[in-house]
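Participant: Take a look at this one; I'll ask things after.
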Protein chains: 2
Amino acid sequence: MNFADRMDAALDRTGNPCVVGLDPHLALLPDEYAVARDATAPRKDRARAVRDFCESVLDAIGDRVPAVKPQSAFFEVFGAPGIEAWESVVKSARARGLLVIGDVKRGDIGSSAAAYAEAFLGDTPDACDAITVNPYLGGDAVKPFVEQCHRTERGLFVLVRTSNPDSSMFQLHGEPPLVDRVAAAVDAWGSELVGDRGFSSVGAVVGATHKSELAAFRAALPRTPVLLPGYGAQGAGAADVVAAFVDGLHGALVNSSRGILFAYRQDRFHATPWRTATRQALDDMIRDFEQALGT
Amino acid sequence: MNFADRMDAALDRTGNPCVVGLDPHLALLPDEYAVARDATAPRKDRARAVRDFCESVLDAIGDRVPAVKPQSAFFEVFGAPGIEAWESVVKSARARGLLVIGDVKRGDIGSSAAAYAEAFLGDTPDACDAITVNPYLGGDAVKPFVEQCHRTERGLFVLVRTSNPDSSMFQLHGEPPLVDRVAAAVDAWGSELVGDRGFSSVGAVVGATHKSELAAFRAALPRTPVLLPGYGAQGAGAADVVAAFVDGLHGALVNSSRGILFAYRQDRFHATPWRTATRQALDDMIRDFEQALGT
């Protein structure tokens with residue numbers, strides 16, 4: 001089954017669009033994983049602590065969400081042992097039936113892009129279901145990723161409008177703004193990867209923080225799955241992103257990373273064990289979407 | 001010594017701007033490294049063959065060039081053993097006195113960008129002297145890399161105008177084109193990293209294939225080191241890129257990857273051992289620049 005259909009089936013099955021971003025930010029990890037931030041400890045031990053933390057997160061949230069989104073930077077920082085931890089976490093999440101969206105933001109040309117595509121979207125248990133890619137280099141840089149998705153039934157989320165404050169610096173350049181052009185290209189790149197449920201396997205990343213732009217994106221990209229970062233810690237709520245959904249609970253995934261992983265640091269969870277806080281924060285996020293979407 | 005000064009010193013020392021791109025494209029490797037393309041072989045063995053090939057390339061060219069540019073995709077494709085090979089090649093190149101420009105094209109926000117910066121530009125023997133970064137996400141995504149360069153005296157080459165055919169798709173969007181805006185930002189990002197020799201440690205990637213635009217880039221970016229891919233296999237010659245240099249042999253590096261690494265596949269090197277062909281191709285490239293620059 002192609003990625004778009006698997007994503008839609010996962011939304012049906014779980015009844016919510018919540019993606020937990022696995023961003024094991026060292027400074028924020030619970031104390032039991034403190035070895036991860038100890039610069040004098042062997043990288044193997046530090047990487048293992050990061051892996052163990054992610055496993056515990058999967059234990060806490062893995063039964064309820066359609067997908068997780070590991071962030072590769074926090075694994076790459078430990079070199080080869082970090083990549084072992086990454087592969088272990090990806091494999092574990094997929095074995096639990098979760099979709100894995102690798103947040104790798106790769107982008108390169110020709111044979112380099114093909115090598116990245118094979119690295120992250122190969123037909124192996126430790127490869128991702130989809131990855132994020134950067135469009136700056138243009139169509140011939142995205143094509144090898146699209147071809148790989150054809151071969152292995154994987155998906156892409158192309159960065160269109162990111163959630164960070166400076167995202168307008170280049171993404172809104174020109175009239176019409178660059179994002180419109182990138183969005184049109186995303187639609188075209190996905191044209192041959194449309195699944196049985198009407199969505200393509202080439203999605204778009206659009207920040208949940210850009211509430212006023214979401215309806216226009218959805219109108220311009222009727223068949224494009226949208227991945228929305230920026231919920232929670234970055235300020236957006238469920239009501240801000242309903243415009244990205246199609247016919248109820250279809251066509252969009254919403255990511256929260258530190259709002260879930262590090263919920264134990266919030267005042268409202270004072271003295272709550274971190275796993276409990278993480279689960280409660282996820283349950284709250286799911287409820288927020290049930291109310292906003294009326295599901 | 002900051003990166004810009006080290007780059008300039010390397011140009012002085014070697015008398016040429018040639019960067020050998022370490023792109024170990026599996027299909028093109030000499031037969032003695034055939035295990036690297038054997039999908040049934042263990043990844044460890046395949047990664048080791050790629051490492052051994054790169055070591056042999058360093059043996060063949062390492063005494064003459066200022067820098068090498070390993071392409072991370074071809075290492076990442078082997079997972080953790082690939083990263084071990086990457087670290088080994090980076091460390092070996094630096095031990096030989098070569099500058100290492102990691103072609104990783106990373107770009108992300110906040111703590112993710114900081115983690116990438118630490119992964120590739122840390123103060124360790126297997127970290128790079130500089131890396132390529134993608135500007136699409138905007139200034140707050142580049143800032144953590146710039147801050148890391150401050151701390152560890154490393155450098156960046158920000159993608160401005162890439163060498164591939166579809167690079168105009170988004171990079172030339174708008175009026176003035178997006179690249180002008182990115183170029184201005186590159187200049188600003190480097191303003192606090194200007195070294196004793198007048199160049200900043202925040203460079204720009206500008207394709208050697210865009211001959212007519214190079215003089216304008218140089219005029220707009222007088223203190224920005226430029227890394228020019230696209231020489232050789234992608235069609236540009238030394239005469240096409242002289243406009244990127246400042247006062248003779250300063251301010252620019254020119255990369256050739258497969259034209260050097262896989263020279264043995266060219267008709268003119270028929271029946272020549274690959275190492276000999278690689279060395280001769282490099283010597284030819286150096287001569288091409290000596291003539292074009294009059295050095």
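Chains: A, B, ... in order of the structure tokens. Residues: from 1 per chain. Ligands: from 1, in order shown.
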Going by DSSP on the backbone, which bits of range 80-278 of chain A are helix (DSSP H, G or I)? Write them as an MDAnalysis selection string, please.

Facilitator: chainID A and resid 80:95 110:121 139:152 165:171 178:189 211:220 232:234 238:244 258:261 263:265 267:269 274:278

Participant: Compile the contact shell of range 208-219 of chain B as a VMD selection string: residues with an atom at most 7 Å away, counting only C-alpha atoms, same-chain residues fewer than 3 positions apart removed.

Facilitator: chain B and resid 163 222 228 to 231 235 to 236 240 to 241 243 to 244

Participant: Write a file of the selected residues as a CSV table (one decimal), in the first residue's frame, keeping C-alpha atoms.

Facilitator:
chain,number,residue,atom,x,y,z
B,163,SER,CA,25.0,24.0,-10.3
B,222,PRO,CA,33.5,41.0,-1.8
B,228,LEU,CA,32.2,26.5,-7.0
B,229,PRO,CA,30.9,23.0,-7.9
B,230,GLY,CA,30.3,22.1,-11.5
B,231,TYR,CA,33.8,22.1,-13.0
B,235,GLY,CA,30.7,21.4,-18.1
B,236,ALA,CA,32.5,24.4,-16.7
B,240,ASP,CA,34.4,30.2,-16.8
B,241,VAL,CA,35.1,30.9,-13.1
B,243,ALA,CA,35.5,36.1,-12.1
B,244,ALA,CA,34.9,34.4,-8.7

Participant: From the list B:Thr162, B:Ser111, B:Gln234, B:Asn134, which residue is nearest Leu28 in chain A when using only C-alpha atoms?

Facilitator: B:Ser111

Participant: Just asking: which residues within range 239-276 of chain A are strand (DSSP E or B) according to DSSP, as a list in words?

Facilitator: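 The strand (DSSP E or B) residues within range 239-276 of chain A come out as Ala252, Leu253, Val254, Asn255 and Ser256 of chain A.
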
Participant: For Thr124 in chain A, find every residue with an atom within 10 Å (counting only C-alpha atoms), except residues of its own chain fewer than 6 positions away, and show them as a list in words.

Facilitator: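 My reading of the contact set: Lys91, Glu118 and Thr152 of chain A.
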
Participant: Residues of chain A within 6 Å of chain B: nearest atom pair and distance (Å, one decimal) for each, counting only C-alpha atoms, sorted by chain and number, as JSON lines?

Facilitator:
{"residue": "A:Ala73", "atom": "CA", "partner": "B:Tyr116", "partner_atom": "CA", "distance": 5.2}
{"residue": "A:Phe74", "atom": "CA", "partner": "B:Ala115", "partner_atom": "CA", "distance": 5.9}
{"residue": "A:Val77", "atom": "CA", "partner": "B:Ala119", "partner_atom": "CA", "distance": 4.2}
{"residue": "A:Ala80", "atom": "CA", "partner": "B:Ala80", "partner_atom": "CA", "distance": 4.5}
{"residue": "A:Ile83", "atom": "CA", "partner": "B:Ala80", "partner_atom": "CA", "distance": 5.1}
{"residue": "A:Glu84", "atom": "CA", "partner": "B:Ala80", "partner_atom": "CA", "distance": 5.6}
{"residue": "A:Ser112", "atom": "CA", "partner": "B:Ala73", "partner_atom": "CA", "distance": 5.5}
{"residue": "A:Ala115", "atom": "CA", "partner": "B:Ala73", "partner_atom": "CA", "distance": 5.5}
{"residue": "A:Tyr116", "atom": "CA", "partner": "B:Ala73", "partner_atom": "CA", "distance": 5.2}
{"residue": "A:Ala119", "atom": "CA", "partner": "B:Val77", "partner_atom": "CA", "distance": 4.2}
{"residue": "A:Leu137", "atom": "CA", "partner": "B:Ser167", "partner_atom": "CA", "distance": 5.2}
{"residue": "A:Gly138", "atom": "CA", "partner": "B:Asp166", "partner_atom": "CA", "distance": 5.1}
{"residue": "A:Gly139", "atom": "CA", "partner": "B:Asp166", "partner_atom": "CA", "distance": 5.8}
{"residue": "A:Asp140", "atom": "CA", "partner": "B:Asp166", "partner_atom": "CA", "distance": 5.8}
{"residue": "A:Asp166", "atom": "CA", "partner": "B:Gly138", "partner_atom": "CA", "distance": 5.1}
{"residue": "A:Ser167", "atom": "CA", "partner": "B:Gly138", "partner_atom": "CA", "distance": 5.2}
{"residue": "A:Met169", "atom": "CA", "partner": "B:Gly138", "partner_atom": "CA", "distance": 5.5}
{"residue": "A:Gly174", "atom": "CA", "partner": "B:Gly174", "partner_atom": "CA", "distance": 4.2}
